[in-house]
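In what follows, a single structure is set out as structure tokens and then discussed.
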Amino acid sequence: MKNWNDTKSIRKDFPILERKIDGKPLIYFDNAATSQKPVQVINALTNYYENYNSNIHRGLHTMSEEATLAYEGTREKIARFIDAPSEREVIFTRNATEAINIVVESWGKHNIGAGDEIVITSMEHHSNFVPWQKLCEDKGARLVYIEIGADGNLDYAMAERLITNKTKIVAVTQMSNVMGTVVDLKILGKLARLNGAKFLVDGAQGVPHLPTSVREIDCDFLVFSMHKMLGPTGVGVLWGKEELLDLMPPMLYGGDMISSVTREKTTVNELPWKFEAGTPNIADVIASGAAIDYLQNLGMQNVRAHELELTRYAMDAMLKLPSMKIYGPQNPELKGGVISFNYEGIHPHDMGQILNESGIAIRAGHHCCQPLMKTLGVMGTARASFYIYNTIEEIDFFVDALIKAEKVLNYVACR
Amino acid sequence: MKNWNDTKSIRKDFPILERKIDGKPLIYFDNAATSQKPVQVINALTNYYENYNSNIHRGLHTMSEEATLAYEGTREKIARFIDAPSEREVIFTRNATEAINIVVESWGKHNIGAGDEIVITSMEHHSNFVPWQKLCEDKGARLVYIEIGADGNLDYAMAERLITNKTKIVAVTQMSNVMGTVVDLKILGKLARLNGAKFLVDGAQGVPHLPTSVREIDCDFLVFSMHKMLGPTGVGVLWGKEELLDLMPPMLYGGDMISSVTREKTTVNELPWKFEAGTPNIADVIASGAAIDYLQNLGMQNVRAHELELTRYAMDAMLKLPSMKIYGPQNPELKGGVISFNYEGIHPHDMGQILNESGIAIRAGHHCCQPLMKTLGVMGTARASFYIYNTIEEIDFFVDALIKAEKVLNYVACR
Amino acid sequence: MSLVDDLYRETILDHYHNPRNRGTIDDATVSTEGVNPLCGDELRLFLKIEDGVVSDIKLESRGCSINTASGSMMSELVLGKSLADAKAVISEFKNMMLNKGEDITLSEDLEELEALQGVKKYPVRIKCALLPWNTLDEGLKNK
Amino acid sequence: MSLVDDLYRETILDHYHNPRNRGTIDDATVSTEGVNPLCGDELRLFLKIEDGVVSDIKLESRGCSINTASGSMMSELVLGKSLADAKAVISEFKNMMLNKGEDITLSEDLEELEALQGVKKYPVRIKCALLPWNTLDEGLKNK
Ligand SMILES: Cc1ncc(COP(=O)(O)O)c(C=O)c1O
Ligand SMILES: Cc1ncc(COP(=O)(O)O)c(C=O)c1O
């Protein structure tokens, strides 16, 4: 049950929300860049380092066994969280970016050739764009873009035309990190399936904010980053279908990813460890388990509902301001809690800087989506993005600060 | 000034040393696998998450600037710690293993061809073995091994014969993680230089325990892992000479490693960021700075002196036991604080398990060095490894426990 | 429970100190090798299968107490058994070792194997106990 | 000090709202483009160099206040200067912005630029202030 009191008690779990910026209470609206962490996650880290820090997998001593159990325990939690058939399909990486690179390197290099096509959207994050662009360059393949329609939504009619039997993989974001646009993965997945293409979902923005089931989506790969969903920095996830991962060679070689090594021949370990070379980020993977527990407890439906409420309220209030432009779908139902905007005459840099004076943290710039900026015809945008601990009151304060921003820049003119 | 009181006060900084294993005080002798963390490092983590957690590099708000400064500050600390000419040469990875893979992928693939030779030693960790073995397989190059002599030391006369103008790179460990053997890097470096080969040093064991200067060693690449030197899990370092790194293409593509992206063309960022794709492990990099400070404060000469004292004492006591075999150099001056041993008739697994009953954590097995195990003619060894917080008393206790181990296994026979 | 009760019981130590059916078979009909990737322990297994019966079995290894004892017990239990019976023993044992819940009671003739049940408290050692059985399983594949 | 004192001083806002030398030069002898990789801001710079003198300069950009003001001030200061003098101005300005220590006093004719010194408190914005200057530097390379 989600209600106003919940948000208050949620806020108590996040020590950073006590922070003051130049004496003003922090309003953290930069959640699409990274989320804040609850005390449960921070405690999981300190508890690990204070009580059972140890290298894993081959240790016979008590702490090593405890650490191994906790590390592999997070894998099981994540498998359940995304509704994966098996935890053997869950691979820990540094971030979503590395996860995509593994697919490009270990699947793409062996399955994409000259003349093949890779379909993405025009709103991909650089992480789901540059690796594919590079692969296309190397292989003589073609990168094909599903564009955004006039309504700010993805153009699904165009998707239907572009996804053909030349398409080898469709790689799309679950939610735009710039405009919040939620992509209808079922449509794209079906088109991919119909044309014999693989289907990769960049869940860096989607998994933290929307209920996500790989079985429902029916995708082949899903990637995401724990730091955007209450977890620590340094942990990403690559989920892939077992039969695909089984055929893929490792990207990195070294300790832990082997099952036997001689001067003559090395045999690769089984899934998921064959993709985890060297000492993993043990502590942060374990703490990621606490992040998953936290979200699981709240319920992802409730997370979504809370963010929708905030987004609707914020868009209404913002659009009352003269010369306010909000990019992407104008209907909050079609987007996550990410609002990219420009205020006529105020460059996003200045907007970000001035809001910071009021303790409000937003992001300004290209948001690692330069191709999308070009499509939108802007240099950059200002972006406010919400999460479970944000409140309506914070949005009121934010909208007031927007109005004040104009005054600062027109300082001279106004005197 | 290093004295007995110092170790006592050092121990106070490590909360985990209060841990009891089955009611017995923990004796942590598994430091070659991973080290424990002082409260200063743990506090750096919680301080980050409680006060300024934020994504870095492009943020205009206060916390983003604070996080960026702290993250880049660790880079400068590390550059100073290994005496690197510039912090632009310090690249953050997940671990030492990934760092070696970057060299293999971004340098090796473009500089090693059929008939070329790569020289390593027979005591390399899988992480400095398997990637080169794979590269040789792919390129038709040859992996050449400097063997261990009868004295347990590296055979430098053999090195002189093996490093020739066919050699493209010499890649060796600074210190064996099995036997503690310290490698004379100056000799090997000179041989590499003389033959126009590059020189990579695997400092995963060396950097945490020995004073290390890349300028003195005169190497081209140095890799190490922060988790073995008081830092958190999830941070490795690749140091390389700027002129080499500048020529190397990135291994991973995505956000943060680019300077501009269009549909037509992507331009790669400058050093060091071109090798750091996606959101880095911000918190752990920042906490790694606290680990470096801690070691810097102690002084690496003092760290080495303390470990030498422990190692000498332990070897003397252990060798008094009948049927005790210690592998590698018998002179403690020639090795780090790592003692691999076998006790006649007791398999290392059983040894590790039985010592654990006394609260003693050692490691047993092949230590990710299967080729070396073959050379030594064993299935595995038991390994005790020391660090700054270990004491002579712990070693006394350990030696007593060794004697008791035999009794457990001969239980029936002894009745 | 102590380590001695869990892991180093009399039965296990007896088999460890006096492993049965150690050695090689020159005219083996099947020979397989097994490796424990975690520790590198290797095992060579020789079988003579005549008229669908395991008429001889020998093991060569330098493993730990658990590995050695487990292999020794196994060799006694499958020697002379039909292939079908041998496979049944394997699956009963594996089931016991991989079952995460309560202790399991084995059929009467396999009672001795229950001594290995204590190993389950030490997850890393489970692989030691399983190595001979997995190797045998491999050897009997397609038989 | 407040944001207004550091960043949005009168001089800066004046140049921001009324940027000097905005536009393009059709018969430019030099034209270069600059990008701020952190935010994507782009800048096009046109120069007419005659007899070793910057006889015309125009900028086209849609940058932030700092970027725009910095470019506008720069254009005024180098217009009519010899190449050598223009380069001296560039290096004096860059030196001021990249110096991490105390505030720096500029030569008298560059005094106005000191208004940008407050930007140094906002590391990310330094690149905004530098973009026009780096672009000019690029344009004058080998000249
Ligand atoms: C000599 C040596 N090299 C490389 C490594 C690999 O380090 P990591 O697992 O942190 O990548 C280790 C760690 O076990 C080591 O001891
Ligand atoms: C849609 C999208 N994809 C990928 C990424 C990359 O995530 P990371 O930087 O954690 O690798 C991000 C994060 O900014 C994102 O928003």
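Every chain in the structure tokens has a letter given in the order shown (A, B, ...), and although residue numbers restart at 1 in each chain, ligands are simply numbered from 1 in the order shown.
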Please return the superposed copy of chain B as a short mmCIF file (atom, residue, chain, number, x, y, z; two decimals) with C-alpha atoms, in the first residue's frame; the fit should be least squares onto chain A across all sequentially paired Cα atoms.
data_model
loop_
_atom_site.label_atom_id
_atom_site.label_comp_id
_atom_site.auth_asym_id
_atom_site.auth_seq_id
_atom_site.Cartn_x
_atom_site.Cartn_y
_atom_site.Cartn_z
CA MET B 1 0.04 -0.02 0.12
CA LYS B 2 1.49 3.18 -1.15
CA ASN B 3 0.58 6.46 0.52
CA TRP B 4 2.09 9.73 1.56
CA ASN B 5 3.29 8.38 4.92
CA ASP B 6 5.28 5.77 3.08
CA THR B 7 7.41 8.34 1.34
CA LYS B 8 8.19 9.94 4.69
CA SER B 9 9.36 6.66 6.15
CA ILE B 10 11.26 5.83 2.99
CA ARG B 11 13.11 9.14 3.27
CA LYS B 12 14.31 8.15 6.73
CA ASP B 13 16.20 5.28 5.16
CA PHE B 14 18.32 7.63 3.03
CA PRO B 15 20.93 9.40 5.16
CA ILE B 16 22.00 11.69 2.32
CA LEU B 17 18.62 13.43 2.33
CA GLU B 18 19.80 15.23 5.48
CA ARG B 19 22.48 16.90 3.39
CA LYS B 20 22.44 20.67 3.06
CA ILE B 21 23.71 22.43 -0.06
CA ASP B 22 24.90 25.91 0.87
CA GLY B 23 22.59 25.71 3.85
CA LYS B 24 19.56 24.59 1.83
CA PRO B 25 18.07 21.10 2.08
CA LEU B 26 19.15 18.86 -0.80
CA ILE B 27 16.50 18.16 -3.41
CA TYR B 28 17.90 15.30 -5.43
CA PHE B 29 16.38 15.20 -8.91
CA ASP B 30 19.35 13.56 -10.65
CA ASN B 31 18.14 10.01 -10.22
CA ALA B 32 18.50 9.04 -13.85
CA ALA B 33 22.25 9.60 -13.44
CA THR B 34 22.48 7.59 -10.24
CA SER B 35 20.15 6.92 -7.34
CA GLN B 36 20.79 7.46 -3.66
CA LYS B 37 21.33 4.46 -1.35
CA PRO B 38 19.29 3.40 1.66
CA VAL B 39 20.93 2.62 4.96
CA GLN B 40 20.21 -1.06 4.36
CA VAL B 41 22.58 -1.07 1.38
CA ILE B 42 25.26 0.93 3.19
CA ASN B 43 24.99 -1.42 6.16
CA ALA B 44 25.36 -4.46 3.93
CA LEU B 45 28.68 -3.00 2.78
CA THR B 46 30.03 -2.21 6.22
CA ASN B 47 28.76 -5.51 7.58
CA TYR B 48 30.67 -7.32 4.87
CA TYR B 49 33.90 -5.44 5.46
CA GLU B 50 33.61 -5.61 9.24
CA ASN B 51 32.60 -9.23 9.55
CA TYR B 52 33.31 -11.54 6.63
CA ASN B 53 35.37 -9.85 3.93
CA SER B 54 37.10 -12.62 2.03
CA ASN B 55 37.85 -13.81 -1.47
CA ILE B 56 35.25 -16.24 -2.76
CA HIS B 57 34.68 -19.50 -4.59
CA ARG B 58 37.76 -21.46 -3.63
CA GLY B 59 38.11 -20.73 0.05
CA LEU B 60 37.65 -23.40 2.67
CA HIS B 61 37.57 -21.09 5.67
CA THR B 62 34.39 -19.84 7.26
CA MET B 63 34.48 -16.25 6.00
CA SER B 64 35.16 -17.36 2.44
CA GLU B 65 32.14 -19.64 2.58
CA GLU B 66 29.97 -16.88 4.01
CA ALA B 67 31.09 -14.44 1.33
CA THR B 68 30.53 -16.98 -1.44
CA LEU B 69 27.02 -17.71 -0.19
CA ALA B 70 26.14 -14.02 0.03
CA TYR B 71 27.62 -13.25 -3.40
CA GLU B 72 25.82 -16.10 -5.10
CA GLY B 73 22.72 -15.23 -3.09
CA THR B 74 22.48 -11.87 -4.84
CA ARG B 75 22.59 -13.69 -8.15
CA GLU B 76 19.52 -15.66 -7.15
CA LYS B 77 17.74 -12.53 -5.94
CA ILE B 78 18.40 -10.79 -9.23
CA ALA B 79 17.21 -13.77 -11.22
CA ARG B 80 13.92 -13.68 -9.30
CA PHE B 81 13.67 -9.87 -9.57
CA ILE B 82 13.73 -9.94 -13.38
CA ASP B 83 11.84 -13.24 -13.53
CA ALA B 84 14.75 -15.13 -15.14
CA PRO B 85 14.46 -18.90 -15.50
CA SER B 86 17.87 -19.52 -13.92
CA GLU B 87 20.52 -17.67 -11.91
CA ARG B 88 23.08 -19.22 -14.25
CA GLU B 89 21.95 -16.57 -16.71
CA VAL B 90 22.87 -13.66 -14.45
CA ILE B 91 26.37 -12.27 -15.02
CA PHE B 92 27.90 -9.53 -12.91
CA THR B 93 29.70 -6.74 -14.75
CA ARG B 94 30.91 -3.27 -13.71
CA ASN B 95 27.94 -1.47 -15.23
CA ALA B 96 25.33 -1.66 -17.99
CA THR B 97 27.90 -0.37 -20.46
CA GLU B 98 30.23 -3.31 -19.91
CA ALA B 99 27.27 -5.69 -20.18
CA ILE B 100 26.42 -4.35 -23.64
CA ASN B 101 30.08 -4.60 -24.66
CA ILE B 102 30.11 -8.28 -23.71
CA VAL B 103 27.16 -8.92 -26.02
CA VAL B 104 28.81 -6.97 -28.83
CA GLU B 105 32.16 -8.70 -28.36
CA SER B 106 31.10 -12.24 -27.53
CA TRP B 107 27.91 -12.47 -29.57
CA GLY B 108 28.05 -9.64 -32.11
CA LYS B 109 31.54 -10.27 -33.47
CA HIS B 110 30.58 -13.85 -34.32
CA ASN B 111 27.08 -13.26 -35.62
CA ILE B 112 27.13 -9.97 -37.50
CA GLY B 113 28.56 -9.73 -41.00
CA ALA B 114 28.74 -7.41 -43.98
CA GLY B 115 25.31 -6.26 -45.09
CA ASP B 116 23.62 -7.27 -41.85
CA GLU B 117 21.55 -4.70 -40.06
CA ILE B 118 21.39 -3.72 -36.40
CA VAL B 119 18.26 -1.83 -35.40
CA ILE B 120 18.35 0.68 -32.56
CA THR B 121 16.34 3.83 -31.78
CA SER B 122 17.37 7.44 -32.19
CA MET B 123 17.16 7.89 -28.42
CA GLU B 124 19.77 5.38 -27.31
CA HIS B 125 22.30 6.24 -24.65
CA HIS B 126 25.89 6.30 -26.00
CA SER B 127 26.39 2.98 -24.22
CA ASN B 128 23.82 1.28 -26.44
CA PHE B 129 24.96 3.19 -29.51
CA VAL B 130 28.74 3.55 -29.74
CA PRO B 131 29.52 -0.19 -29.31
CA TRP B 132 27.10 -1.07 -32.12
CA GLN B 133 28.39 1.75 -34.32
CA LYS B 134 31.91 0.41 -33.85
CA LEU B 135 30.81 -3.14 -34.62
CA CYS B 136 29.11 -1.95 -37.81
CA GLU B 137 32.27 -0.11 -38.85
CA ASP B 138 34.38 -3.21 -38.22
CA LYS B 139 32.03 -5.62 -39.97
CA GLY B 140 30.54 -3.55 -42.75
CA ALA B 141 27.11 -3.87 -41.18
CA ARG B 142 24.50 -1.11 -41.09
CA LEU B 143 23.08 0.70 -38.08
CA VAL B 144 19.39 1.47 -38.60
CA TYR B 145 17.42 3.95 -36.47
CA ILE B 146 13.80 3.84 -35.39
CA GLU B 147 12.95 7.53 -35.15
CA ILE B 148 10.73 9.45 -32.77
CA GLY B 149 7.37 10.56 -34.11
CA ALA B 150 5.81 13.99 -33.82
CA ASP B 151 4.07 12.93 -30.59
CA GLY B 152 7.44 12.34 -28.95
CA ASN B 153 6.85 8.62 -28.99
CA LEU B 154 8.78 5.96 -30.83
CA ASP B 155 7.48 5.49 -34.39
CA TYR B 156 6.26 1.88 -34.29
CA ALA B 157 5.06 1.94 -37.88
CA MET B 158 8.61 2.77 -38.86
CA ALA B 159 9.90 -0.04 -36.63
CA GLU B 160 7.73 -2.44 -38.60
CA ARG B 161 9.28 -1.28 -41.86
CA LEU B 162 12.85 -1.29 -40.55
CA ILE B 163 12.97 -4.65 -38.81
CA THR B 164 13.40 -7.13 -41.65
CA ASN B 165 15.13 -10.41 -42.32
CA LYS B 166 18.34 -8.41 -42.73
CA THR B 167 18.08 -7.46 -39.08
CA LYS B 168 20.34 -9.55 -36.85
CA ILE B 169 19.61 -7.81 -33.57
CA VAL B 170 17.23 -5.18 -32.26
CA ALA B 171 18.88 -3.31 -29.37
CA VAL B 172 16.68 -0.75 -27.66
CA THR B 173 16.30 1.10 -24.42
CA GLN B 174 13.43 0.18 -22.15
CA MET B 175 13.07 3.82 -21.17
CA SER B 176 14.74 6.93 -22.55
CA ASN B 177 17.11 8.49 -20.05
CA VAL B 178 16.41 11.88 -21.62
CA MET B 179 12.67 12.04 -22.16
CA GLY B 180 11.46 9.16 -20.04
CA THR B 181 9.76 7.63 -23.08
CA VAL B 182 8.73 4.08 -22.22
CA VAL B 183 9.24 1.75 -25.16
CA ASP B 184 6.66 -0.90 -26.00
CA LEU B 185 9.03 -3.84 -25.83
CA LYS B 186 6.37 -6.37 -26.70
CA ILE B 187 5.85 -4.83 -30.14
CA LEU B 188 9.58 -4.63 -30.89
CA GLY B 189 10.26 -8.07 -29.45
CA LYS B 190 7.60 -9.62 -31.62
CA LEU B 191 9.02 -7.92 -34.71
CA ALA B 192 12.50 -9.16 -33.84
CA ARG B 193 11.26 -12.71 -33.23
CA LEU B 194 9.26 -12.67 -36.49
CA ASN B 195 12.35 -11.74 -38.45
CA GLY B 196 14.70 -14.14 -36.71
CA ALA B 197 16.61 -11.32 -35.02
CA LYS B 198 17.90 -11.33 -31.46
CA PHE B 199 16.46 -8.79 -29.02
CA LEU B 200 18.52 -6.83 -26.50
CA VAL B 201 16.90 -4.53 -23.97
CA ASP B 202 18.90 -1.75 -22.31
CA GLY B 203 17.17 -1.71 -18.95
CA ALA B 204 19.50 0.83 -17.32
CA GLN B 205 16.55 3.20 -16.88
CA GLY B 206 13.69 0.72 -17.10
CA VAL B 207 14.59 -1.94 -14.54
CA PRO B 208 14.96 0.56 -11.64
CA HIS B 209 11.54 2.09 -12.24
CA LEU B 210 9.23 -0.40 -13.95
CA PRO B 211 8.22 -3.98 -13.16
CA THR B 212 10.34 -6.04 -15.55
CA SER B 213 10.06 -9.68 -16.52
CA VAL B 214 12.41 -11.11 -19.12
CA ARG B 215 9.91 -13.89 -19.75
CA GLU B 216 7.10 -11.44 -20.47
CA ILE B 217 9.27 -9.21 -22.63
CA ASP B 218 10.64 -12.34 -24.29
CA CYS B 219 14.05 -10.77 -24.91
CA ASP B 220 17.41 -12.46 -25.42
CA PHE B 221 19.53 -10.05 -23.40
CA LEU B 222 18.76 -7.54 -20.67
CA VAL B 223 21.36 -5.20 -19.16
CA PHE B 224 21.16 -2.80 -16.24
CA SER B 225 23.20 -1.02 -13.56
CA MET B 226 22.67 -1.45 -9.84
CA HIS B 227 23.83 2.10 -9.03
CA LYS B 228 20.68 3.48 -10.63
CA MET B 229 18.46 1.29 -8.44
CA LEU B 230 19.60 1.89 -4.85
CA GLY B 231 22.68 -0.30 -5.21
CA PRO B 232 26.35 0.66 -4.93
CA THR B 233 28.48 1.83 -7.84
CA GLY B 234 30.49 -0.85 -9.62
CA VAL B 235 27.86 -3.50 -10.34
CA GLY B 236 26.07 -4.07 -13.62
CA VAL B 237 24.11 -7.06 -14.77
CA LEU B 238 24.05 -8.92 -18.04
CA TRP B 239 21.18 -11.33 -18.27
CA GLY B 240 21.06 -13.57 -21.33
CA LYS B 241 19.30 -16.72 -22.42
CA GLU B 242 21.31 -19.71 -21.31
CA GLU B 243 21.52 -21.28 -24.76
CA LEU B 244 23.00 -18.06 -26.17
CA LEU B 245 25.43 -17.45 -23.32
CA ASP B 246 26.56 -21.06 -23.54
CA LEU B 247 27.71 -20.54 -27.11
CA MET B 248 29.43 -17.22 -26.48
CA PRO B 249 33.18 -17.16 -25.77
CA PRO B 250 34.31 -15.17 -22.73
CA MET B 251 35.29 -11.55 -23.25
CA LEU B 252 37.92 -11.51 -20.50
CA TYR B 253 40.37 -14.26 -19.59
CA GLY B 254 42.07 -15.00 -16.29
CA GLY B 255 41.40 -16.37 -12.85
CA ASP B 256 38.02 -17.79 -11.87
CA MET B 257 36.68 -18.06 -15.42
CA ILE B 258 38.56 -21.27 -16.14
CA SER B 259 38.00 -24.84 -15.09
CA SER B 260 41.44 -26.17 -15.90
CA VAL B 261 44.66 -24.64 -17.16
CA THR B 262 47.75 -26.29 -18.58
CA ARG B 263 50.51 -24.98 -20.78
CA GLU B 264 48.84 -26.81 -23.65
CA LYS B 265 45.21 -25.99 -23.14
CA THR B 266 42.76 -24.04 -21.04
CA THR B 267 39.18 -25.16 -20.46
CA VAL B 268 36.60 -22.51 -19.80
CA ASN B 269 34.38 -22.65 -16.70
CA GLU B 270 30.62 -23.06 -16.87
CA LEU B 271 28.01 -20.31 -16.69
CA PRO B 272 27.86 -17.78 -15.18
CA TRP B 273 31.47 -17.76 -14.00
CA LYS B 274 33.00 -18.03 -17.45
CA PHE B 275 32.15 -14.35 -17.90
CA GLU B 276 33.50 -13.24 -14.51
CA ALA B 277 37.29 -13.12 -14.78
CA GLY B 278 39.36 -12.18 -11.75
CA THR B 279 38.23 -11.24 -8.28
CA PRO B 280 34.70 -9.87 -8.66
CA ASN B 281 33.32 -6.80 -6.93
CA ILE B 282 32.27 -9.00 -4.01
CA ALA B 283 31.18 -6.35 -1.50
CA ASP B 284 29.10 -4.38 -3.95
CA VAL B 285 27.42 -7.44 -5.39
CA ILE B 286 26.44 -8.48 -1.87
CA ALA B 287 25.13 -4.97 -1.11
CA SER B 288 23.21 -5.07 -4.40
CA GLY B 289 21.23 -7.90 -2.86
CA ALA B 290 20.06 -5.47 -0.16
CA ALA B 291 18.98 -3.01 -2.87
CA ILE B 292 16.95 -5.69 -4.60
CA ASP B 293 15.34 -6.64 -1.28
CA TYR B 294 14.43 -3.00 -0.70
CA LEU B 295 12.75 -2.58 -4.08
CA GLN B 296 11.09 -5.98 -3.81
CA ASN B 297 9.66 -4.92 -0.45
CA LEU B 298 8.23 -1.71 -1.86
CA GLY B 299 6.89 -3.49 -4.91
CA MET B 300 7.79 -2.24 -8.36
CA GLN B 301 4.13 -1.46 -9.13
CA ASN B 302 4.15 0.97 -6.21
CA VAL B 303 7.43 2.50 -7.32
CA ARG B 304 5.93 3.12 -10.72
CA ALA B 305 2.71 4.54 -9.26
CA HIS B 306 4.60 6.97 -7.02
CA GLU B 307 6.74 8.22 -9.88
CA LEU B 308 3.77 8.61 -12.18
CA GLU B 309 2.06 10.78 -9.57
CA LEU B 310 5.14 12.97 -9.23
CA THR B 311 5.64 13.22 -12.97
CA ARG B 312 2.06 14.20 -13.67
CA TYR B 313 2.15 16.83 -10.96
CA ALA B 314 5.49 18.22 -12.13
CA MET B 315 4.55 18.37 -15.80
CA ASP B 316 1.28 20.16 -15.02
CA ALA B 317 3.06 22.75 -12.91
CA MET B 318 5.99 23.24 -15.28
CA LEU B 319 3.83 23.64 -18.35
CA LYS B 320 2.03 26.53 -16.67
CA LEU B 321 5.25 28.53 -16.96
CA PRO B 322 5.58 30.62 -20.10
CA SER B 323 8.25 29.50 -22.58
CA MET B 324 8.70 26.08 -20.94
CA LYS B 325 9.33 23.23 -23.35
CA ILE B 326 9.21 19.58 -22.24
CA TYR B 327 10.62 17.00 -24.65
CA GLY B 328 9.11 13.64 -25.46
CA PRO B 329 5.61 12.34 -24.78
CA GLN B 330 3.36 14.93 -23.18
CA ASN B 331 1.24 12.25 -21.56
CA PRO B 332 2.88 11.19 -18.27
CA GLU B 333 1.38 7.70 -18.59
CA LEU B 334 3.71 7.05 -21.52
CA LYS B 335 6.87 7.95 -19.68
CA GLY B 336 8.94 7.33 -16.59
CA GLY B 337 9.81 9.96 -14.02
CA VAL B 338 12.29 11.77 -16.23
CA ILE B 339 11.54 15.28 -17.48
CA SER B 340 13.85 16.94 -19.98
CA PHE B 341 13.07 20.60 -20.52
CA ASN B 342 14.34 23.89 -21.74
CA TYR B 343 13.26 27.26 -20.55
CA GLU B 344 13.40 29.73 -23.38
CA GLY B 345 16.47 31.91 -23.15
CA ILE B 346 18.16 29.93 -20.38
CA HIS B 347 20.87 27.52 -21.38
CA PRO B 348 20.61 24.22 -19.48
CA HIS B 349 24.04 24.83 -17.94
CA ASP B 350 22.89 28.06 -16.41
CA MET B 351 19.65 26.45 -15.31
CA GLY B 352 21.49 23.61 -13.58
CA GLN B 353 23.90 25.99 -11.90
CA ILE B 354 21.23 28.32 -10.68
CA LEU B 355 18.99 25.54 -9.36
CA ASN B 356 21.98 24.19 -7.45
CA GLU B 357 21.97 27.47 -5.50
CA SER B 358 18.56 26.42 -4.20
CA GLY B 359 19.88 22.97 -3.23
CA ILE B 360 18.30 21.31 -6.25
CA ALA B 361 20.41 18.75 -8.12
CA ILE B 362 19.37 18.26 -11.75
CA ARG B 363 21.46 17.36 -14.78
CA ALA B 364 22.17 19.57 -17.80
CA GLY B 365 23.74 18.70 -21.13
CA HIS B 366 23.49 15.95 -23.69
CA HIS B 367 22.93 13.14 -21.15
CA CYS B 368 25.18 10.83 -23.18
CA CYS B 369 22.67 11.06 -26.03
CA GLN B 370 24.31 13.37 -28.55
CA PRO B 371 22.52 11.82 -31.54
CA LEU B 372 19.16 12.43 -29.85
CA MET B 373 20.11 16.05 -29.11
CA LYS B 374 20.70 16.51 -32.82
CA THR B 375 17.30 14.97 -33.57
CA LEU B 376 15.66 17.28 -31.05
CA GLY B 377 17.58 20.22 -32.52
CA VAL B 378 19.11 21.29 -29.22
CA MET B 379 22.58 21.47 -27.74
CA GLY B 380 21.34 19.98 -24.51
CA THR B 381 18.46 19.91 -22.08
CA ALA B 382 17.93 20.35 -18.38
CA ARG B 383 16.68 17.14 -16.81
CA ALA B 384 14.85 16.46 -13.57
CA SER B 385 14.36 12.80 -12.67
CA PHE B 386 12.55 11.29 -9.71
CA TYR B 387 12.71 8.25 -7.49
CA ILE B 388 10.96 6.70 -4.53
CA TYR B 389 12.06 9.31 -1.97
CA ASN B 390 11.00 12.41 -3.91
CA THR B 391 7.92 14.36 -2.88
CA ILE B 392 5.28 16.72 -4.23
CA GLU B 393 6.66 19.42 -1.93
CA GLU B 394 10.05 19.12 -3.51
CA ILE B 395 8.43 19.63 -6.91
CA ASP B 396 6.65 22.78 -5.68
CA PHE B 397 9.98 24.10 -4.48
CA PHE B 398 11.61 23.19 -7.79
CA VAL B 399 8.99 25.00 -9.86
CA ASP B 400 9.42 28.12 -7.72
CA ALA B 401 13.16 27.92 -8.28
CA LEU B 402 12.64 27.70 -12.04
CA ILE B 403 10.85 31.01 -11.95
CA LYS B 404 13.61 32.59 -9.90
CA ALA B 405 16.24 31.35 -12.37
CA GLU B 406 15.08 33.76 -14.97
CA LYS B 407 15.57 36.64 -12.54
CA VAL B 408 19.21 35.74 -11.86
CA LEU B 409 20.09 35.78 -15.53
CA ASN B 410 18.19 38.97 -16.25
CA TYR B 411 19.70 40.63 -13.22
CA VAL B 412 21.03 43.61 -15.05
CA ALA B 413 18.07 43.96 -17.32
CA CYS B 414 15.67 43.90 -14.38
CA ARG B 415 17.24 46.62 -12.30
#
**Report entry** Counting only C-alpha atoms, chain D residues within 6 Å of chain A, as a VMD selection string
**Finding:** chain D and resid 39 41 64
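Between CA of Asn134 (chain C) and CA of Lys48 (chain C) the interatomic distance comes to 17.4 Å.
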Query - 8 Å contact set for Met97 (chain D), only C-alpha atoms, chain neighbours under 6 positions out, as a PyMOL selection string - result: chain D and resi 117+120+126+130
Query raised in the report: How would you write, as a PyMOL selection string, the set of residues in region 1-119 of chain C that DSSP gives as alpha helix (DSSP H)?
Result: chain C and resi 3-6+10-17+65-78+83-98
Query raised in the report: How many Å separate CA of Leu43 (chain D) from atom 6 (C, counted along the ligand's line) of ligand 2?
Result: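 A separation of 27.5 Å between them.
From CA of Glu50 (chain C) back to CA of Thr135 (chain C), the distance works out to 19.2 Å.
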